[in-house]
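J.: Structure file upload.txt (compact mmCIF, C-alpha atoms) right here:
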# COMPACT_ATOMS: atom_id res chain seq x y z
CA ALA F 1 137.48 114.02 104.01
CA GLY F 2 135.73 110.65 103.93
CA ARG F 3 137.63 107.84 102.21
CA GLN F 4 140.45 110.25 101.35
CA HIS F 5 141.37 110.17 105.06
CA PHE F 6 142.11 106.44 104.75
CA ARG F 7 144.10 106.89 101.57
CA LEU F 8 146.20 109.49 103.36
CA LEU F 9 146.66 107.20 106.36
CA GLY F 10 147.94 104.42 104.10
CA GLU F 11 150.38 106.81 102.46
CA ALA F 12 151.49 108.06 105.87
CA ILE F 13 152.22 104.54 107.08
CA ILE F 14 154.36 103.89 104.01
CA GLN F 15 156.23 107.18 104.31
CA VAL F 16 156.46 107.48 108.10
CA GLY F 17 160.10 106.34 108.13
CA ARG F 18 161.01 109.10 105.71
CA ARG F 19 159.01 111.73 107.64
CA ARG F 20 157.46 112.89 104.38
CA VAL F 21 153.89 112.79 105.70
CA SER F 22 152.68 113.87 109.12
CA ILE F 23 149.63 111.98 110.38
CA ASN F 24 149.01 114.66 112.99
CA ASN F 25 148.95 117.52 110.51
CA LYS F 26 145.30 118.43 109.99
CA ASN F 27 146.20 120.29 106.80
CA SER F 28 147.83 117.26 105.19
CA TYR F 29 144.67 116.37 103.34
CA THR F 30 141.79 118.26 101.81
CA SER F 31 138.17 117.45 101.16
CA ALA F 32 137.05 115.90 97.89
CA GLY F 33 135.90 119.35 96.78
CA PRO F 34 132.44 120.79 96.26
CA ALA F 35 129.62 118.27 96.09
CA ARG F 36 128.14 117.99 92.62
CA PRO F 37 125.82 114.97 92.65
CA VAL F 38 124.36 113.96 89.31
CA PRO F 39 120.58 113.33 89.13
CA ASN F 40 119.52 109.69 88.73
CA ASN F 41 122.70 108.41 90.36
CA VAL F 42 123.11 106.13 93.39
CA VAL F 43 123.81 107.93 96.68
CA VAL F 44 125.59 106.23 99.59
CA CYS F 45 124.55 107.86 102.87
CA SER F 46 126.60 107.14 106.00
CA ASP F 47 127.43 108.84 109.29
CA PRO F 48 130.31 111.21 108.36
CA ARG F 49 131.53 111.21 111.99
CA ASP F 50 132.12 107.45 111.99
CA ASP F 51 135.43 106.28 110.52
CA GLU F 52 134.30 102.64 110.56
CA ALA F 53 131.20 103.55 108.54
CA THR F 54 133.38 105.44 106.07
CA ALA F 55 135.67 102.42 105.76
CA ALA F 56 132.59 100.24 105.15
CA VAL F 57 131.57 102.58 102.32
CA GLY F 58 134.99 102.05 100.77
CA ILE F 59 134.72 98.26 101.04
CA LEU F 60 131.22 98.30 99.57
CA LEU F 61 132.28 100.39 96.58
CA ILE F 62 135.31 98.21 95.90
CA LYS F 63 133.01 95.18 95.78
CA ALA F 64 129.88 96.61 94.17
CA GLN F 65 130.83 99.66 92.11
CA GLU F 66 131.25 97.80 88.83
CA HIS F 67 127.86 96.08 89.19
CA ILE F 68 126.06 99.32 90.16
CA VAL F 69 127.59 101.48 87.42
CA SER F 70 126.56 98.89 84.83
CA LYS F 71 122.94 99.60 85.82
CA VAL F 72 123.08 103.34 86.52
CA SER F 73 125.16 105.46 84.14
CA ALA F 74 125.10 108.54 86.40
CA GLY F 75 127.45 106.77 88.81
CA ILE F 76 127.75 106.73 92.61
CA PHE F 77 127.87 109.64 95.06
CA PRO F 78 129.26 108.78 98.54
CA CYS F 79 128.14 111.60 100.85
CA CYS F 80 131.01 110.94 103.26
CA ASP F 81 133.55 112.08 100.65
CA TYR F 82 132.15 115.61 100.49
CA ASP F 83 131.66 118.56 102.81
CA ILE F 84 127.91 118.99 102.40
CA THR F 85 125.06 120.17 104.58
CA ASP F 86 122.22 117.95 105.76
CA GLU F 87 119.85 119.67 103.34
CA GLU F 88 122.25 119.19 100.40
CA ALA F 89 122.55 115.50 101.20
CA ALA F 90 118.76 115.13 101.36
CA THR F 91 118.38 116.93 98.03
CA ALA F 92 120.96 114.64 96.43
CA VAL F 93 119.07 111.61 97.73
CA LEU F 94 115.71 112.89 96.51
CA GLN F 95 117.08 113.34 92.98
CA SER F 96 118.78 109.93 92.91
CA ARG F 97 117.74 106.59 91.43
CA ALA F 98 118.57 104.78 94.69
CA VAL F 99 120.10 105.49 98.08
CA ILE F 100 122.15 103.05 100.14
CA ILE F 101 121.80 103.75 103.88
CA MET F 102 124.75 102.53 105.96
CA LEU F 103 123.28 101.77 109.39
CA SER F 104 126.00 102.23 112.01
CA PRO F 105 125.97 102.88 115.79
CA GLY F 106 125.77 106.64 115.19
CA THR F 107 122.93 106.58 112.65
CA LEU F 108 120.21 107.29 115.22
CA SER F 109 121.99 110.48 116.24
CA CYS F 110 122.99 111.52 112.71
CA LYS F 111 120.58 114.19 111.50
CA MET F 112 121.76 113.91 107.90
CA GLN F 113 120.94 110.20 107.71
CA LEU F 114 117.60 110.62 109.49
CA MET F 115 116.65 113.40 107.10
CA CYS F 116 117.60 111.37 104.01
CA ILE F 117 115.69 108.31 105.25
CA SER F 118 112.55 110.27 106.12
CA GLU F 119 112.42 112.20 102.86
CA VAL F 120 112.66 109.02 100.77
CA MET F 121 110.08 107.17 102.87
CA ALA F 122 107.72 110.14 102.49
CA ILE F 123 108.01 109.83 98.70
CA GLN F 124 107.40 106.09 98.83
CA SER F 125 104.41 106.55 101.13
CA ASN F 126 102.88 109.18 98.83
CA THR F 127 103.57 107.04 95.75
CA ALA F 128 101.86 104.06 97.38
CA SER F 129 98.83 106.22 98.21
CA ASP F 130 98.68 107.53 94.65
CA SER F 131 98.94 103.98 93.30
CA ALA F 132 96.02 102.85 95.45
CA ALA F 133 93.97 105.82 94.30
CA VAL F 134 94.66 104.97 90.66
CA ARG F 135 93.57 101.37 91.19
CA VAL F 136 90.30 102.52 92.74
CA THR F 137 89.51 104.93 89.91
CA VAL F 138 91.13 102.96 87.13
CA THR F 139 88.01 102.88 84.94
CA LYS F 140 87.81 106.68 85.01
CA ALA F 141 91.52 107.31 84.65
CA ARG F 142 92.15 104.77 81.89
CA THR F 143 92.90 106.18 78.47
CA THR F 144 93.22 104.50 75.09
CA VAL F 145 96.12 105.13 72.75
CA GLY F 146 96.12 103.27 69.46
CA GLY F 147 93.64 100.75 70.85
CA VAL F 148 95.84 99.95 73.87
CA SER F 149 94.62 100.83 77.35
CA SER F 150 97.01 102.58 79.71
CA THR F 151 96.92 104.39 83.03
CA PRO F 152 98.62 107.66 83.88
CA SER F 153 102.22 107.46 85.03
CA LEU F 154 102.78 107.86 88.75
CA GLY F 155 106.30 109.17 88.35
CA SER F 156 109.52 107.79 89.71
CA THR F 157 110.40 107.02 93.29
CA VAL F 158 113.74 106.45 94.99
CA ARG F 159 114.78 102.90 95.92
CA ILE F 160 116.10 102.80 99.49
CA ILE F 161 118.57 100.05 100.41
CA PRO F 162 119.47 99.64 104.12
CA LEU F 163 122.75 97.99 105.13
CA ALA F 164 123.26 96.95 108.75
CA LEU F 165 126.88 97.43 109.84
CA PRO F 166 128.41 95.85 112.96
CA ASN F 167 126.95 97.01 116.30
CA PHE F 168 123.95 98.81 114.83
CA VAL F 169 120.93 98.45 117.13
CA PHE F 170 117.39 99.17 115.93
CA PRO F 171 115.67 101.86 118.02
CA PRO F 172 113.14 101.12 120.78
CA GLU F 173 109.83 102.99 120.74
CA SER F 174 111.09 105.42 123.40
CA TYR F 175 113.69 106.70 120.90
CA PHE F 176 111.04 108.49 118.84
CA PHE F 177 109.82 110.46 121.87
CA ASP F 178 112.99 111.05 123.89
CA VAL F 179 115.92 111.14 121.47
CA LEU F 180 114.69 111.99 117.96
CA PRO F 181 113.30 115.46 118.90
CA GLN F 182 116.73 116.38 120.27
CA VAL F 183 118.59 115.17 117.17
CA TRP F 184 116.22 116.78 114.66
CA PRO F 185 114.10 119.32 116.58
CA GLU F 186 112.87 121.10 113.44
CA GLY F 187 111.65 117.88 111.81
CA ARG F 188 107.97 117.73 110.95
CA MET F 189 105.53 115.79 113.10
CA GLU F 190 105.23 112.92 110.60
CA VAL F 191 108.97 112.11 110.66
CA PRO F 192 108.69 109.38 113.38
CA GLU F 193 106.16 107.45 111.30
CA TYR F 194 108.39 107.52 108.22
CA LEU F 195 111.33 106.28 110.29
CA ARG F 196 109.22 103.45 111.73
CA MET F 197 108.31 102.44 108.18
CA PHE F 198 111.99 102.39 107.23
CA PHE F 199 113.09 100.25 110.17
CA LYS F 200 110.55 97.60 109.15
CA LEU F 201 112.42 97.06 105.88
CA ILE F 202 114.75 94.08 105.63
CA ALA F 203 118.33 95.32 105.87
CA ILE F 204 121.26 93.59 104.19
CA ARG F 205 123.78 92.42 106.74
CA PHE F 206 127.15 93.99 105.88
CA GLN F 207 129.62 92.88 108.52
CA THR F 208 133.02 94.27 107.57
CA HIS F 209 134.89 91.60 109.54
CA ASP F 210 133.39 88.79 107.42
CA SER F 211 135.42 86.87 104.86
CA ASP F 212 136.09 88.36 101.45
CA GLY F 213 133.74 85.85 99.81
CA ILE F 214 130.85 86.79 102.11
CA LEU F 215 131.44 90.49 101.51
CA GLU F 216 131.37 89.86 97.75
CA THR F 217 128.00 88.11 98.11
CA GLN F 218 126.56 90.89 100.27
CA ALA F 219 127.79 93.57 97.86
CA LYS F 220 126.11 91.77 94.96
CA GLN F 221 122.86 91.73 96.95
CA VAL F 222 123.13 95.50 97.24
CA ALA F 223 123.71 95.88 93.50
CA MET F 224 120.74 93.62 92.73
CA ARG F 225 118.44 95.99 94.66
CA VAL F 226 119.49 98.97 92.55
CA PRO F 227 116.80 99.43 89.89
CA GLU F 228 117.67 99.28 86.22
CA GLU F 229 117.90 102.69 84.61
CA PRO F 230 114.94 103.43 82.29
CA ALA F 231 115.68 104.05 78.63
CA SER F 232 114.83 107.76 79.10
CA ALA F 233 115.53 108.74 82.71
CA ALA F 234 114.41 112.34 83.16
CA PRO F 235 116.10 114.26 86.01
CA LEU F 236 114.12 114.12 89.24
CA GLU F 237 113.38 117.63 90.54
CA ARG F 238 112.70 117.30 94.27
CA ALA F 239 113.62 119.22 97.41
CA PRO F 240 113.40 118.33 101.14
CA GLN F 241 109.89 118.74 102.54
CA LEU F 242 110.14 117.54 106.14
CA ILE F 243 111.72 120.60 107.78
CA ALA F 244 109.04 122.45 109.73
CA PRO F 245 108.79 126.19 109.01
CA GLU F 246 109.59 128.57 111.85
CA GLY F 247 106.69 128.45 114.29
CA GLY F 248 105.25 125.35 112.59
CA GLN F 249 104.47 121.99 114.17
CA SER F 250 107.85 120.36 114.79
CA LEU F 251 109.19 117.46 116.85
CA HIS F 252 110.62 119.94 119.36
CA LEU F 253 107.27 121.66 119.91
CA ALA F 254 105.52 118.31 120.28
CA ARG F 255 108.02 117.27 122.94
CA VAL F 256 107.68 120.40 125.07
CA GLN F 257 103.89 120.58 124.89
Here is a file; write its structure as structure tokens.

T.:
Amino acid sequence: AGRQHFRLLGEAIIQVGRRRVSINNKNSYTSAGPARPVPNNVVVCSDPRDDEATAAVGILLIKAQEHIVSKVSAGIFPCCDYDITDEEAATAVLQSRAVIIMLSPGTLSCKMQLMCISEVMAIQSNTASDSAAVRVTVTKARTTVGGVSSTPSLGSTVRIIPLALPNFVFPPESYFFDVLPQVWPEGRMEVPEYLRMFFKLIAIRFQTHDSDGILETQAKQVAMRVPEEPASAAPLERAPQLIAPEGGQSLHLARVQ
């Protein structure tokens, strides 16, 4: 699964003359095993159906892994290397320190990526609202400890880092009405707004056909956006919230009404 497919392909090319590896044998490789993401890590979320996106994940990690791990001790979790459900991927993202979104041609039809993006943007939106509320009521909320004023902690959010791969096209407005409800019919009504917020962020251009020097520079830009790990990083306990309950207001219901 994932990058292991490419490792197998390389081995097959080397061994093809000896007939020791069969490229056409679907059982000649196995998945990376059960997904066990570690809280406070960095998740890389790509379209698992897209081999070029998976290859881009491999290139990114070769270039940026050392820089990222030096900032986040929990390591990196590439979703494409594991056989996980959409909900498991979203949960991993919500409990991470940062998520790198690999934007490829199939992203807009990849429910897993759309779910991960929306869940993180919902957290960021709620955190921004809480921050504004604290600023408004700061005189009431302020406390004094040892003569030093402080305000209550707003908790941690997840840093989202978009990377634009070759041939990715940002969605037109019609996408949110015509396509999104078919890709994620059980998504809550607020999902389109969270996705619009995400697509306004500045994405790092990660063109895999660029020179090695340019890819090194782009990978360092990704690592720079990963936040430094706090001295005491408590595990983040979050679960997906944007799946409408049965009979609830969903994108599918909104489309048919």

J.: For Glu193 (chain F), please output as a list in words all residues within 10 Å (counting all atoms listed in the file; exclusion window: fewer than 4 positions along the same chain).

T.: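 After dropping sequence-adjacent residues, the list is Ser118, Met121, Ala122, Phe176, Met189, Met197 and Phe198 of chain F.
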
J.: With a distance cut-off of 10 Å and all atoms listed in the file, select the neighbouring residues of Ile202 (chain F), excluding the residue or stretch itself and same-chain residues fewer than 2 positions from it, and output the selection as a count of residues only.

T.: 9

J.: For Ile76 (chain F), which residue out of F:Leu195, F:Val226, F:Leu242, F:Cys110 is the nearest one, using all atoms listed in the file?

T.: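 The answer is F:Val226, which sits nearest to Ile76 (chain F).
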
J.: Quick check, in Å to one decimal: how far apart do CA of Val169 (chain F) and CA of Ala203 (chain F) lie?

T.: 12.0 Å

J.: Choose the residue, out of F:Ile84, F:Val191, F:Val42, F:Met112, that has the smallest atom-to-atom separation from Gln241 (chain F); count all atoms listed in the file.

T.: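 Among the listed residues, the smallest separation from Gln241 (chain F) belongs to F:Val191.
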
J.: Counting all atoms listed in the file, which residues sit no farther than 9 Å from the position (130.5, 97.4, 103.7) in the file's frame? I'd like them as number ranges by chain.

T.: F: 53-61, 63, 102, 163-165, 205-208, 215, 218-219

J.: I'd like to know which of F:Pro166, F:Thr157, F:Asp212, F:Val69 is closest to Glu119 (chain F), using all atoms listed in the file.

T.: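 Residue with the minimum atom-to-atom distance to Glu119 (chain F): F:Thr157.
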
J.: Grab the CA of Asn40 (chain F) to CA of Ser70 (chain F) distance for me, in Å with one decimal place.

T.: 13.5 Å

J.: Would you mind reading off the distance between CA of Pro39 (chain F) and CA of Tyr194 (chain F), one decimal, in Å?

T.: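 Calculated distance between CA of Pro39 (chain F) and CA of Tyr194 (chain F) is 23.4 Å.
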
J.: For Val43 (chain F), please output as number ranges by chain all residues within 8 Å (counting all atoms listed in the file; exclusion window: fewer than 3 positions along the same chain).

T.: F: 76-79, 92-93, 96, 98-100

J.: Which one of F:Arg97, F:Arg159, F:Arg36, F:Pro48 sits closest to Pro230 (chain F) if you count only C-alpha atoms?

T.: F:Arg97

J.: Can you work out which one of F:Asn167, F:Gln113, F:Gln182, F:Thr217 has the shortest atom-to-atom distance to Thr85 (chain F), counting only C-alpha atoms?

T.: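 Comparing F:Asn167, F:Gln113, F:Gln182, F:Thr217 against Thr85 (chain F), the winner is F:Gln113.
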
J.: Of the candidates F:Ser104, F:Gln65, F:Ser46, F:Ser73, which shows the shortest atom-to-atom distance to Asp86 (chain F), using all atoms listed in the file?

T.: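 That would be F:Ser46, the residue with the smallest distance to Asp86 (chain F).
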